[in-house]
Every structure is written in structure tokens, then in C-alpha cells.
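K.L.:
Please find protein-v8.pdb (PDB, C-alpha atoms) on the next line:
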```
ATOM      1  CA  MET D   1      47.327 110.826  40.107
ATOM      2  CA  LEU D   2      47.592 108.178  42.856
ATOM      3  CA  THR D   3      48.104 110.925  45.513
ATOM      4  CA  THR D   4      44.814 112.629  44.533
ATOM      5  CA  LYS D   5      42.882 109.358  44.860
ATOM      6  CA  ILE D   6      44.238 108.710  48.411
ATOM      7  CA  ASN D   7      43.699 112.279  49.657
ATOM      8  CA  LYS D   8      40.129 112.762  48.467
ATOM      9  CA  PRO D   9      38.327 110.808  51.263
ATOM     10  CA  TYR D  10      40.593 112.350  53.914
ATOM     11  CA  LYS D  11      39.794 115.787  52.565
ATOM     12  CA  LYS D  12      36.076 115.100  52.936
ATOM     13  CA  TRP D  13      36.498 113.952  56.528
ATOM     14  CA  LEU D  14      38.722 116.872  57.361
ATOM     15  CA  ILE D  15      36.044 119.264  56.125
ATOM     16  CA  VAL D  16      33.349 117.427  58.147
ATOM     17  CA  ILE D  17      35.490 117.504  61.323
ATOM     18  CA  PHE D  18      36.269 121.179  60.786
ATOM     19  CA  VAL D  19      32.571 122.051  60.361
ATOM     20  CA  VAL D  20      31.578 120.023  63.455
ATOM     21  CA  LEU D  21      34.331 121.661  65.544
ATOM     22  CA  LEU D  22      33.320 125.095  64.301
ATOM     23  CA  ALA D  23      29.649 124.465  65.113
ATOM     24  CA  GLY D  24      30.548 123.037  68.547
ATOM     25  CA  GLY D  25      32.788 126.012  69.258
ATOM     26  CA  ALA D  26      30.052 128.418  68.224
ATOM     27  CA  VAL D  27      27.528 126.728  70.544
ATOM     28  CA  ILE D  28      29.979 126.793  73.484
ATOM     29  CA  TRP D  29      30.822 130.461  72.794
ATOM     30  CA  TRP D  30      27.105 131.285  72.623
ATOM     31  CA  LEU D  31      26.375 129.440  75.916
ATOM     32  CA  PHE D  32      29.283 131.138  77.731
ATOM     33  CA  ASN D  33      28.289 134.570  76.517
ATOM     34  CA  LEU D  34      24.586 134.221  77.138
ATOM     35  CA  ARG D  35      23.306 137.146  79.248
ATOM     36  CA  TYR D  36      19.953 138.135  80.664
ATOM     37  CA  GLU D  37      17.972 140.592  78.585
ATOM     38  CA  ASP D  38      17.367 144.054  79.988
ATOM     39  CA  THR D  39      14.215 143.545  82.084
ATOM     40  CA  ALA D  40      12.883 146.890  80.849
ATOM     41  CA  ASP D  41      12.661 145.364  77.356
ATOM     42  CA  VAL D  42      11.009 142.095  78.417
ATOM     43  CA  LYS D  43       7.244 141.713  78.096
ATOM     44  CA  ALA D  44       5.600 141.229  81.494
ATOM     45  CA  ASP D  45       3.635 138.066  82.196
ATOM     46  CA  TYR D  46       1.489 139.746  84.863
ATOM     47  CA  THR D  47       0.685 143.245  86.107
ATOM     48  CA  VAL D  48      -0.376 143.368  89.750
ATOM     49  CA  ASN D  49      -1.088 145.667  92.678
ATOM     50  CA  ALA D  50       1.456 145.211  95.515
ATOM     51  CA  ILE D  51      -1.015 144.762  98.377
ATOM     52  CA  GLU D  52      -3.235 142.355  96.425
ATOM     53  CA  PHE D  53      -0.127 140.461  95.293
ATOM     54  CA  ILE D  54       1.065 140.001  98.898
ATOM     55  CA  GLN D  55      -2.451 138.911  99.859
ATOM     56  CA  GLU D  56      -2.425 136.246  97.150
ATOM     57  CA  PHE D  57       0.810 134.789  98.588
ATOM     58  CA  LYS D  58      -0.552 134.938 102.139
ATOM     59  CA  GLN D  59      -3.690 133.068 101.119
ATOM     60  CA  ASP D  60      -1.926 130.256  99.246
ATOM     61  CA  MET D  61       1.871 130.373  99.093
ATOM     62  CA  VAL D  62       2.207 127.159  97.045
ATOM     63  CA  ALA D  63      -0.285 128.210  94.370
ATOM     64  CA  ALA D  64       1.154 131.737  94.172
ATOM     65  CA  ASN D  65       4.700 130.407  93.781
ATOM     66  CA  LYS D  66       3.554 128.054  91.044
ATOM     67  CA  LYS D  67       1.898 130.951  89.231
ATOM     68  CA  TYR D  68       4.503 133.694  89.642
ATOM     69  CA  SER D  69       7.944 132.144  90.311
ATOM     70  CA  GLU D  70      10.521 133.074  87.643
ATOM     71  CA  ARG D  71       7.915 135.158  85.781
ATOM     72  CA  ILE D  72       8.350 138.774  84.770
ATOM     73  CA  ILE D  73       5.860 140.853  86.739
ATOM     74  CA  VAL D  74       5.024 144.545  86.950
ATOM     75  CA  VAL D  75       4.140 145.481  90.534
ATOM     76  CA  SER D  76       2.497 148.825  91.273
ATOM     77  CA  GLY D  77       2.552 150.222  94.780
ATOM     78  CA  THR D  78       4.022 152.679  97.237
ATOM     79  CA  VAL D  79       7.671 152.593  98.292
ATOM     80  CA  SER D  80       7.584 151.723 102.016
ATOM     81  CA  ALA D  81      11.329 151.413 102.649
ATOM     82  CA  ILE D  82      14.670 151.701 100.912
ATOM     83  CA  GLU D  83      17.506 149.537 102.202
ATOM     84  CA  ALA D  84      21.155 149.903 101.290
ATOM     85  CA  ALA D  85      22.608 146.733  99.769
ATOM     86  CA  ASP D  86      26.291 147.031  98.959
ATOM     87  CA  THR D  87      26.605 149.926  96.471
ATOM     88  CA  THR D  88      22.928 149.819  95.575
ATOM     89  CA  ALA D  89      19.522 149.945  97.264
ATOM     90  CA  ASN D  90      16.635 147.518  97.545
ATOM     91  CA  ILE D  91      13.088 148.840  97.370
ATOM     92  CA  LYS D  92      10.386 147.447  99.638
ATOM     93  CA  MET D  93       6.580 147.552  99.552
ATOM     94  CA  ILE D  94       5.127 146.508 102.912
ATOM     95  CA  ASP D  95       1.538 145.721 103.887
ATOM     96  CA  SER D  96      -0.166 146.449 107.210
ATOM     97  CA  SER D  97       0.905 143.082 108.689
ATOM     98  CA  SER D  98       4.624 143.685 107.854
ATOM     99  CA  ALA D  99       4.571 141.174 104.963
ATOM    100  CA  TYR D 100       6.604 142.644 102.142
ATOM    101  CA  ILE D 101       7.880 142.537  98.582
ATOM    102  CA  ILE D 102      11.559 143.317  98.062
ATOM    103  CA  PHE D 103      13.050 144.362  94.728
ATOM    104  CA  ALA D 104      16.761 143.984  93.880
ATOM    105  CA  PHE D 105      17.620 145.969  90.749
ATOM    106  CA  GLN D 106      19.404 144.895  87.578
ATOM    107  CA  GLN D 107      22.927 146.298  87.134
ATOM    108  CA  GLN D 108      21.955 148.829  84.452
ATOM    109  CA  HIS D 109      18.989 150.061  86.535
ATOM    110  CA  LEU D 110      20.722 150.528  89.909
ATOM    111  CA  ASN D 111      20.466 154.306  89.714
ATOM    112  CA  GLU D 112      16.683 154.133  89.332
ATOM    113  CA  ALA D 113      16.450 152.475  92.755
ATOM    114  CA  LYS D 114      18.674 155.135  94.317
ATOM    115  CA  GLN D 115      16.430 157.913  92.994
ATOM    116  CA  LEU D 116      13.241 156.564  94.573
ATOM    117  CA  LYS D 117      11.985 157.919  97.889
ATOM    118  CA  VAL D 118       9.761 156.478 100.594
ATOM    119  CA  GLY D 119       6.152 157.330  99.718
ATOM    120  CA  ASP D 120       6.702 157.385  95.939
ATOM    121  CA  ARG D 121       4.060 155.650  93.838
ATOM    122  CA  VAL D 122       5.924 153.431  91.421
ATOM    123  CA  SER D 123       5.647 150.473  89.036
ATOM    124  CA  ILE D 124       8.552 148.040  89.194
ATOM    125  CA  LYS D 125       9.160 145.283  86.653
ATOM    126  CA  GLY D 126      11.251 142.293  87.654
ATOM    127  CA  SER D 127      11.678 138.553  87.870
ATOM    128  CA  CYS D 128       9.777 137.091  90.833
ATOM    129  CA  SER D 129      12.078 134.648  92.671
ATOM    130  CA  ASN D 130       9.437 133.316  95.012
ATOM    131  CA  GLY D 131       7.528 133.908  98.202
ATOM    132  CA  ALA D 132       8.284 132.317 101.554
ATOM    133  CA  PHE D 133       7.611 132.641 105.261
ATOM    134  CA  SER D 134      10.489 134.074 107.255
ATOM    135  CA  ASN D 135      11.099 132.343 110.564
ATOM    136  CA  ILE D 136      13.312 135.250 111.576
ATOM    137  CA  LEU D 137      10.772 138.002 110.908
ATOM    138  CA  GLU D 138       7.715 135.783 111.317
ATOM    139  CA  THR D 139       6.107 137.160 108.203
ATOM    140  CA  GLU D 140       5.634 136.400 104.516
ATOM    141  CA  TYR D 141       7.920 137.955 101.948
ATOM    142  CA  ILE D 142       8.329 137.883  98.185
ATOM    143  CA  SER D 143      11.717 138.476  96.542
ATOM    144  CA  PHE D 144      12.307 139.976  93.112
ATOM    145  CA  LYS D 145      15.554 140.091  91.136
ATOM    146  CA  ARG D 146      16.777 141.911  87.987
ATOM    147  CA  CYS D 147      14.311 144.769  88.492
ATOM    148  CA  ALA D 148      13.789 148.036  86.646
ATOM    149  CA  VAL D 149      11.411 150.931  87.154
ATOM    150  CA  ASN D 150       8.577 150.343  84.695
ATOM    151  CA  LYS D 151       8.231 153.425  82.498
TER     152      LYS D 151
ATOM    153  CA  MET X 152      -0.769 153.777 140.068
ATOM    154  CA  LYS X 153       0.820 150.339 140.364
ATOM    155  CA  LYS X 154      -0.801 149.374 137.076
ATOM    156  CA  THR X 155       0.613 152.468 135.334
ATOM    157  CA  ILE X 156       4.146 151.757 136.601
ATOM    158  CA  LEU X 157       3.829 148.127 135.559
ATOM    159  CA  SER X 158       2.644 149.139 132.051
ATOM    160  CA  LEU X 159       5.479 151.657 131.697
ATOM    161  CA  ALA X 160       8.018 149.042 132.786
ATOM    162  CA  LEU X 161       6.573 146.591 130.265
ATOM    163  CA  VAL X 162       6.778 149.160 127.446
ATOM    164  CA  LEU X 163      10.386 149.966 128.419
ATOM    165  CA  ALA X 164      11.352 146.302 128.610
ATOM    166  CA  THR X 165       9.774 145.631 125.201
ATOM    167  CA  GLY X 166      11.645 148.602 123.754
ATOM    168  CA  LEU X 167      14.945 147.323 125.098
ATOM    169  CA  LEU X 168      14.245 143.857 123.751
ATOM    170  CA  PHE X 169      13.634 145.251 120.259
ATOM    171  CA  ALA X 170      16.738 147.413 120.488
ATOM    172  CA  GLN X 171      18.839 144.296 121.098
ATOM    173  CA  LYS X 172      17.529 142.367 118.112
ATOM    174  CA  LYS X 173      18.684 144.019 114.906
ATOM    175  CA  THR X 174      17.315 142.840 111.581
ATOM    176  CA  THR X 175      17.781 143.594 107.898
ATOM    177  CA  THR X 176      16.172 142.243 104.741
ATOM    178  CA  SER X 177      19.068 143.370 102.532
ATOM    179  CA  ALA X 178      21.989 141.277 103.748
ATOM    180  CA  ILE X 179      24.215 139.913 100.988
ATOM    181  CA  VAL X 180      25.370 136.345 100.455
ATOM    182  CA  SER X 181      27.850 135.763  97.625
ATOM    183  CA  PHE X 182      28.749 132.381  96.265
ATOM    184  CA  ASP X 183      31.922 131.785  94.242
ATOM    185  CA  ALA X 184      32.448 128.333  92.737
ATOM    186  CA  THR X 185      34.641 129.458  89.841
ATOM    187  CA  THR X 186      37.624 127.386  88.735
ATOM    188  CA  SER X 187      40.426 127.892  86.223
ATOM    189  CA  LEU X 188      38.175 126.139  83.684
ATOM    190  CA  ASP X 189      35.033 128.166  84.278
ATOM    191  CA  LYS X 190      34.625 131.721  85.561
ATOM    192  CA  LEU X 191      30.821 131.731  85.398
ATOM    193  CA  PRO X 192      29.575 129.866  88.501
ATOM    194  CA  LYS X 193      29.382 132.805  90.889
ATOM    195  CA  ALA X 194      26.367 134.674  92.132
ATOM    196  CA  ASP X 195      25.032 136.935  94.828
ATOM    197  CA  ASN X 196      21.788 137.384  96.663
ATOM    198  CA  LYS X 197      21.145 140.887  98.003
ATOM    199  CA  THR X 198      17.764 140.243  99.602
ATOM    200  CA  VAL X 199      18.844 137.972 102.454
ATOM    201  CA  ILE X 200      17.089 138.284 105.815
ATOM    202  CA  ALA X 201      19.464 138.556 108.772
ATOM    203  CA  ALA X 202      19.121 139.065 112.508
ATOM    204  CA  LEU X 203      21.629 139.834 115.225
ATOM    205  CA  ASP X 204      20.871 139.908 118.921
ATOM    206  CA  THR X 205      23.505 142.139 120.457
ATOM    207  CA  LYS X 206      22.722 140.887 123.965
ATOM    208  CA  THR X 207      22.908 137.131 123.376
ATOM    209  CA  GLY X 208      25.101 137.082 120.244
ATOM    210  CA  LYS X 209      22.507 135.062 118.321
ATOM    211  CA  LEU X 210      22.977 135.431 114.583
ATOM    212  CA  ALA X 211      20.625 134.141 111.875
ATOM    213  CA  PHE X 212      20.267 134.322 108.098
ATOM    214  CA  GLU X 213      17.625 133.194 105.622
ATOM    215  CA  ALA X 214      18.175 133.303 101.860
ATOM    216  CA  THR X 215      15.844 132.482  98.998
ATOM    217  CA  VAL X 216      17.766 130.148  96.660
ATOM    218  CA  LYS X 217      16.093 131.508  93.523
ATOM    219  CA  SER X 218      17.290 135.021  94.425
ATOM    220  CA  PHE X 219      20.932 134.111  93.757
ATOM    221  CA  THR X 220      21.635 136.055  90.598
ATOM    222  CA  PHE X 221      24.114 134.776  88.015
ATOM    223  CA  SER X 222      25.139 136.745  84.950
ATOM    224  CA  ASN X 223      24.486 133.728  82.725
ATOM    225  CA  PRO X 224      20.900 132.369  82.505
ATOM    226  CA  LYS X 225      22.054 128.799  81.761
ATOM    227  CA  ILE X 226      24.222 128.677  84.896
ATOM    228  CA  GLN X 227      21.300 130.040  86.944
ATOM    229  CA  GLU X 228      19.066 127.321  85.482
ATOM    230  CA  HIS X 229      21.606 124.606  86.403
ATOM    231  CA  PHE X 230      22.070 126.070  89.908
ATOM    232  CA  ASN X 231      18.325 125.772  90.623
ATOM    233  CA  ALA X 232      17.883 122.394  88.919
ATOM    234  CA  ALA X 233      16.879 119.206  90.742
ATOM    235  CA  ASN X 234      20.400 117.710  90.649
ATOM    236  CA  TRP X 235      21.936 120.865  92.103
ATOM    237  CA  MET X 236      20.252 123.128  94.665
ATOM    238  CA  ASP X 237      16.768 121.819  93.820
ATOM    239  CA  SER X 238      15.200 125.169  94.679
ATOM    240  CA  GLU X 239      11.675 123.876  94.047
ATOM    241  CA  LYS X 240      12.072 121.354  96.855
ATOM    242  CA  PHE X 241      14.421 123.414  99.064
ATOM    243  CA  PRO X 242      13.493 127.068  98.417
ATOM    244  CA  THR X 243      15.607 128.572 101.196
ATOM    245  CA  THR X 244      19.008 128.195 102.826
ATOM    246  CA  SER X 245      19.529 129.290 106.383
ATOM    247  CA  PHE X 246      21.998 129.718 109.189
ATOM    248  CA  ALA X 247      21.326 129.928 112.917
ATOM    249  CA  GLY X 248      24.184 130.388 115.334
ATOM    250  CA  MET X 249      26.007 132.476 117.882
ATOM    251  CA  ILE X 250      28.973 134.777 118.231
ATOM    252  CA  THR X 251      30.967 132.731 120.733
ATOM    253  CA  ASN X 252      33.282 135.531 121.905
ATOM    254  CA  LEU X 253      30.570 138.148 122.406
ATOM    255  CA  LYS X 254      32.397 139.644 125.412
ATOM    256  CA  ASP X 255      35.093 140.920 123.033
ATOM    257  CA  VAL X 256      32.586 143.026 121.067
ATOM    258  CA  LYS X 257      31.524 146.437 122.342
ATOM    259  CA  PHE X 258      28.414 147.373 120.408
ATOM    260  CA  ASN X 259      28.384 150.822 122.002
ATOM    261  CA  LYS X 260      31.961 151.650 120.949
ATOM    262  CA  ASP X 261      33.151 152.244 117.384
ATOM    263  CA  GLY X 262      35.663 149.642 116.279
ATOM    264  CA  VAL X 263      36.481 146.547 114.289
ATOM    265  CA  TYR X 264      36.062 143.363 116.282
ATOM    266  CA  LYS X 265      37.165 139.859 115.312
ATOM    267  CA  VAL X 266      34.574 137.249 116.147
ATOM    268  CA  THR X 267      34.074 133.505 115.998
ATOM    269  CA  VAL X 268      30.693 132.263 114.878
ATOM    270  CA  LYS X 269      29.334 128.775 115.489
ATOM    271  CA  GLY X 270      26.048 127.429 114.255
ATOM    272  CA  ASP X 271      24.041 125.261 111.906
ATOM    273  CA  LEU X 272      23.998 125.864 108.173
ATOM    274  CA  THR X 273      21.156 124.374 106.141
ATOM    275  CA  VAL X 274      21.738 123.999 102.405
ATOM    276  CA  HIS X 275      19.815 121.729 100.045
ATOM    277  CA  GLY X 276      17.762 120.488 103.010
ATOM    278  CA  ILE X 277      20.847 119.230 104.878
ATOM    279  CA  THR X 278      21.925 120.837 108.143
ATOM    280  CA  LYS X 279      25.577 120.741 109.221
ATOM    281  CA  PRO X 280      27.441 122.466 112.036
ATOM    282  CA  VAL X 281      29.843 125.179 110.886
ATOM    283  CA  GLU X 282      32.392 127.325 112.666
ATOM    284  CA  THR X 283      34.000 130.352 111.092
ATOM    285  CA  THR X 284      35.581 133.662 111.892
ATOM    286  CA  GLY X 285      34.246 137.062 110.958
ATOM    287  CA  THR X 286      34.327 140.755 111.660
ATOM    288  CA  VAL X 287      31.892 143.056 113.409
ATOM    289  CA  ILE X 288      32.321 146.718 112.525
ATOM    290  CA  VAL X 289      30.606 149.171 114.846
ATOM    291  CA  SER X 290      30.269 152.713 113.554
ATOM    292  CA  GLY X 291      27.844 154.983 115.375
ATOM    293  CA  THR X 292      24.452 153.293 115.229
ATOM    294  CA  SER X 293      25.509 151.004 112.371
ATOM    295  CA  ILE X 294      26.678 147.449 112.955
ATOM    296  CA  LYS X 295      28.179 145.602 110.018
ATOM    297  CA  THR X 296      29.037 141.900 110.076
ATOM    298  CA  GLU X 297      31.239 140.142 107.522
ATOM    299  CA  SER X 298      32.379 136.569 107.155
ATOM    300  CA  ASN X 299      34.090 134.419 104.500
ATOM    301  CA  PHE X 300      34.121 130.667 104.615
ATOM    302  CA  SER X 301      33.961 127.693 102.306
ATOM    303  CA  ILE X 302      31.697 124.666 102.351
ATOM    304  CA  LYS X 303      32.125 121.208 100.858
ATOM    305  CA  LEU X 304      29.304 120.702  98.373
ATOM    306  CA  GLU X 305      29.303 116.948  98.934
ATOM    307  CA  ASP X 306      28.535 117.526 102.640
ATOM    308  CA  TYR X 307      25.237 119.055 101.506
ATOM    309  CA  GLY X 308      24.414 116.398  98.919
ATOM    310  CA  VAL X 309      25.228 118.627  95.950
ATOM    311  CA  SER X 310      27.016 116.849  93.125
ATOM    312  CA  GLY X 311      27.063 116.706  89.372
ATOM    313  CA  PRO X 312      29.228 116.175  86.295
ATOM    314  CA  ALA X 313      30.336 119.831  86.219
ATOM    315  CA  ILE X 314      31.878 119.414  89.691
ATOM    316  CA  GLY X 315      33.613 116.182  88.669
ATOM    317  CA  ALA X 316      34.911 117.835  85.504
ATOM    318  CA  GLY X 317      36.451 120.670  87.510
ATOM    319  CA  LYS X 318      34.167 123.354  86.066
ATOM    320  CA  VAL X 319      32.559 124.031  89.446
ATOM    321  CA  SER X 320      34.609 124.232  92.635
ATOM    322  CA  LYS X 321      34.028 121.401  95.118
ATOM    323  CA  GLU X 322      34.448 123.934  97.919
ATOM    324  CA  PRO X 323      32.887 127.245  96.906
ATOM    325  CA  MET X 324      33.673 130.376  98.878
ATOM    326  CA  ILE X 325      30.725 131.968 100.652
ATOM    327  CA  THR X 326      30.781 135.623 101.710
ATOM    328  CA  VAL X 327      28.121 136.942 104.064
ATOM    329  CA  THR X 328      27.677 140.657 104.738
ATOM    330  CA  ALA X 329      24.926 142.269 106.778
ATOM    331  CA  GLU X 330      24.468 145.850 107.874
ATOM    332  CA  PHE X 331      22.115 146.406 110.782
TER     333      PHE X 331
END
```
Output the structure of this file as C-alpha cells.

P.N.:
Amino acid sequence: MLTTKINKPYKKWLIVIFVVLLAGGAVIWWLFNLRYEDTADVKADYTVNAIEFIQEFKQDMVAANKKYSERIIVVSGTVSAIEAADTTANIKMIDSSSAYIIFAFQQQHLNEAKQLKVGDRVSIKGSCSNGAFSNILETEYISFKRCAVNK
Amino acid sequence: MKKTILSLALVLATGLLFAQKKTTTSAIVSFDATTSLDKLPKADNKTVIAALDTKTGKLAFEATVKSFTFSNPKIQEHFNAANWMDSEKFPTTSFAGMITNLKDVKFNKDGVYKVTVKGDLTVHGITKPVETTGTVIVSGTSIKTESNFSIKLEDYGVSGPAIGAGKVSKEPMITVTAEF
């Protein structure tokens, strides 16, 4: 009888500690296993034309970065160049002044990039990193990551 | 006649100049700050701009910080945050330097050449001199450069509790690859 009286409060605390540890563990597991969604399944924030998009960055880089950086954007245009990058390929859309947009593809969409050819009209969906001026190339450029061909 | 010869010479000289400076917009910079406690802080950026002047040995890179891609969105968020790389304030990292033993590299002959590179690396708005070794691989018309080196994050003003707790390496390994 005495034993039951002493153990009861401990039991309560043990259950509370166990629940807190379990919840904490679940949160840590969730954070560690968090992955980016497939870009193909993500709703786009903007749909733009490649040449007009480049023009917007050339006119006001700061404002364009504020508007588009880390947003999901569908860019429609013509493939101007395909560059090998490790085991994959980056797709480029270039304007008449050599300013360009470059698209690096998401792991599950790497083959889509390899199948494109220079001159193809295409819509590409991806996360806009940002635009900048290259001191090496002396031109503006806009980088995209986690891209997929927009179907 | 003189004018024509002069124009031709100018066109030829310009052509040669361009032939010496090779560029790519798909160089790769990988960053590995994993530790035994955390395997997540590693990323790569496959849209890095690089230039190599085969005549002078000048080598340069420019990378957009936000283009470093992590598998985990939370880690990517931390990487770009104000107390880490602060990519809003410092959107790019860059390197400008030289191959110091250029005479050992024959760009017109296939082979694997060991090189030493010296230059200035700018990360998080702080520029520091770096010296490292690398490889130049010449194969036909292709020139590939590779280098591995580590940097001390504190040298570039990057700190945070995750580094102190041993979840992020204090000296991440950087791998740079460019094919021209």
C-alpha cells in the first residue's frame, strides 16, 4: 500500500518525460528527414517570358531580386546552350546582349535536361536563386536551381 | 591596302586573345562541412562562372551563394541566414588568382598536370589570400581543372552555435571543378 503511494507521482513524471522525449525525437527526425518537394508538383509563383525576365533584371537588379529570389517560376523561352555539369547538363537561355538565365535541374529531372536540344522551345519551372552581374563575363545572369521541364 | 592588313591583323589578334581566355558558366563548387554528428551540411553549386587564361595562367570563379543546393531545406535556410553566409548582403563568393607554375602545363598536349594556384578568395564579404594545389587535365580541346582545399570559417567571419556544437565542420572541404 505504501509502495503504491510513493510510486504514483514518479509514474506521472516518467510518463511526462517519455512523452516529451518522444515528441522531441519526432521533431528532430522530421527536421533531419525534411526534403524539397518535387518542383514539378509545386505551384509556380510567376510565369514569365525569358527575354522579358532578363530585361527586368537588367533594368533593376535589386527590385527583381526582391520579387523573384527563392520563388518558384516558370520561364518560357528558347534553349540557347546546353552545358555539361558533372553527370548532368545545365540549360541556358541567352539574350542578344549575352545576358543569360541558367537552369540547374533537380535530381529526379536530370534526364529531361539531357533530352533538350539547342533551339527547342521549352518551359522550365524552378527556384530562382537570384540575378547578379558577372565581373568575369561582364554581363547579367540569373541562376535557377531544382528545375524541371514544365509539362 | 595598309588599312586592310591592319584590320586583318586586328581581327587575328582579337581571335587569339579570345582563344586564350576560356570560360564556362557550369563550373561546380562543392562544400562539405559534415561531421560525425551531422551528415547534412553539404551542398553543391553547378552554375558557377569560371575563367582560365591559358597564356597568363589567370584563374577566376564567381558563385551565387543562393545556388548552393542542399538536400534539406532547413539546412539551406540556415546556410543563407544572416548569421551564416548572409546571402542577402553577400550574394556571391569569388576567387581571383593565378596558376603559379604555368610553364609546367602544356595546354596543347594531352596530359594530367599538377599545378599550384595562388589568389584571393572572397567569402561572406571577406577576402583572404589562399594557396592550394590542383590538377589540369588536357584532353583534345577540353581543359578540366580540379582542386580540393579547406577554409577556416572563422577567417571569413562565419560562426554560429552549430559550429561550436560540432554539427558543422570548422574547416569545410571545398572542391572546385571546371571544364573549359

K.L.:
For a quick check of understanding, using all atoms listed in the file, which of D:Glu70, D:Glu83, D:Glu56, D:Asp45 has the smallest distance to Phe144 (chain D)?

P.N.:
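Comparing D:Glu70, D:Glu83, D:Glu56, D:Asp45 against Phe144 (chain D), the winner is D:Glu70.
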
K.L.:
Translate the PyMOL selection byres ((chain D and resi 77) around 8) into a concrete residue list for this structure, as a PyMOL selection string.

P.N.:
chain D and resi 49-51+75-76+78-79+93+121-123

K.L.:
Determine, using all atoms listed in the file, which residues of chain X have any atom at most 9 Å from an atom of chain D, and tabulate each with its shortest atom pair and distance in Å to one decimal place, rows ordered by chain and then rising number, as a Markdown table.

P.N.:
```
| residue | atom | partner | partner_atom | distance |
| --- | --- | --- | --- | --- |
| X:Thr174 | CA | D:Leu137 | CA | 8.2 |
| X:Thr175 | CA | D:Glu83 | CA | 8.2 |
| X:Thr176 | CA | D:Glu83 | CA | 7.8 |
| X:Ser177 | CA | D:Ala85 | CA | 5.6 |
| X:Ala178 | CA | D:Ala85 | CA | 6.8 |
| X:Ile179 | CA | D:Ala85 | CA | 7.1 |
| X:Leu191 | CA | D:Phe32 | CA | 7.8 |
| X:Asn196 | CA | D:Ala104 | CA | 8.8 |
| X:Lys197 | CA | D:Ala85 | CA | 6.3 |
| X:Thr198 | CA | D:Ala104 | CA | 6.9 |
| X:Ile200 | CA | D:Ile136 | CA | 7.5 |
| X:Ala201 | CA | D:Ile136 | CA | 7.5 |
| X:Ala202 | CA | D:Ile136 | CA | 7.0 |
| X:Ala211 | CA | D:Ile136 | CA | 7.4 |
| X:Phe212 | CA | D:Ile136 | CA | 7.8 |
| X:Glu213 | CA | D:Ser134 | CA | 7.4 |
| X:Thr215 | CA | D:Asn130 | CA | 7.6 |
| X:Val216 | CA | D:Ser129 | CA | 8.3 |
| X:Lys217 | CA | D:Ser129 | CA | 5.2 |
| X:Ser218 | CA | D:Ser129 | CA | 5.5 |
| X:Phe219 | CA | D:Lys145 | CA | 8.5 |
| X:Thr220 | CA | D:Lys145 | CA | 7.3 |
| X:Ser222 | CA | D:Arg35 | CA | 6.0 |
| X:Asn223 | CA | D:Arg35 | CA | 5.0 |
| X:Pro224 | CA | D:Tyr36 | CA | 6.1 |
| X:Lys225 | CA | D:Leu31 | CA | 7.3 |
| X:Pro242 | CA | D:Ala132 | CA | 8.0 |
| X:Thr243 | CA | D:Ala132 | CA | 8.2 |
| X:Thr328 | CA | D:Asp86 | CA | 8.7 |
| X:Ala329 | CA | D:Ala85 | CA | 8.6 |
| X:Glu330 | CA | D:Ala85 | CA | 8.4 |
```

K.L.:
Taking (30.8, 140.8, 115.0) in the coordinates of the supplied file, I want to know which residues reach to within 9 Å of it, counting only C-alpha atoms; could you give the answer as a PyMOL selection string?

P.N.:
chain X and resi 208+250+253+256+258+263-268+285-289+294-297

K.L.:
Looking at all atoms listed in the file, which of X:Leu272, X:Leu304, X:Leu188, X:Ala316 is the one that sits closest to Gly248 (chain X)?

P.N.:
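The shortest atom-to-atom distance to Gly248 (chain X) comes from X:Leu272.
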
K.L.:
Considering only C-alpha atoms, can you say which of X:Gly315, X:Gly262, X:Pro192, X:Pro323 comes closest to Gly291 (chain X)?

P.N.:
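The closest residue to Gly291 (chain X) is X:Gly262.
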
K.L.:
I'd like the contact shell of Gly317 (chain X) - 10 Å cut-off, all atoms listed in the file, skipping same-chain residues fewer than 3 positions apart - returned as a ChimeraX atom specification.

P.N.:
/X:185-189,312-314,320-321

K.L.:
Using all atoms listed in the file for the distances, tell me which of D:Ala40, D:Val48, D:Leu116, D:Ala99 is nearest to Ala148 (chain D).

P.N.:
D:Ala40

K.L.:
Contacts of Asp204 (chain X) at 6 Å or less, counting all atoms listed in the file, minus same-chain residues fewer than 5 places along, as number ranges by chain?

P.N.:
X: 171-172, 209

K.L.:
Which is closer to Lys240 (chain X) than all the others in D:Val62, D:Ala44, D:Val118, D:Ile28, using all atoms listed in the file?

P.N.:
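The closest residue to Lys240 (chain X) is D:Val62.
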
K.L.:
With distances taken over all atoms listed in the file, which of D:Leu22, D:Ala81, D:Val16, D:Cys147 is nearest to Glu112 (chain D)?

P.N.:
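Smallest separation from Glu112 (chain D) among the options: D:Cys147.
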
K.L.:
Edge lengths and centre in Å to one decimal, as AutoDock Vina command-line options, is what I'm after for the box along x, y and z that holds all listed atoms of region 73-77 of chain D once 3 Å is added on each side.

P.N.:
```
--center_x 4.2 --center_y 145.5 --center_z 90.8 --size_x 9.4 --size_y 15.4 --size_z 14.0
```

K.L.:
What does the structure give for the distance between CA of Ala184 (chain X) and CA of Arg71 (chain D), in Å to one decimal?

P.N.:
26.4 Å

K.L.:
Determine, counting only C-alpha atoms, which protein, DNA and RNA residues have an atom within 12 Å of an atom of Gly276 (chain X); residues of the same chain fewer than 4 positions away are not included. Present the result as an MDAnalysis selection string.

P.N.:
chainID X and resid 216 235:246 271:272 306:309

K.L.:
CA of Val149 (chain D) and CA of Lys125 (chain D) are how many Å apart?

P.N.:
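CA of Lys125 (chain D) lies 6.1 Å from CA of Val149 (chain D).
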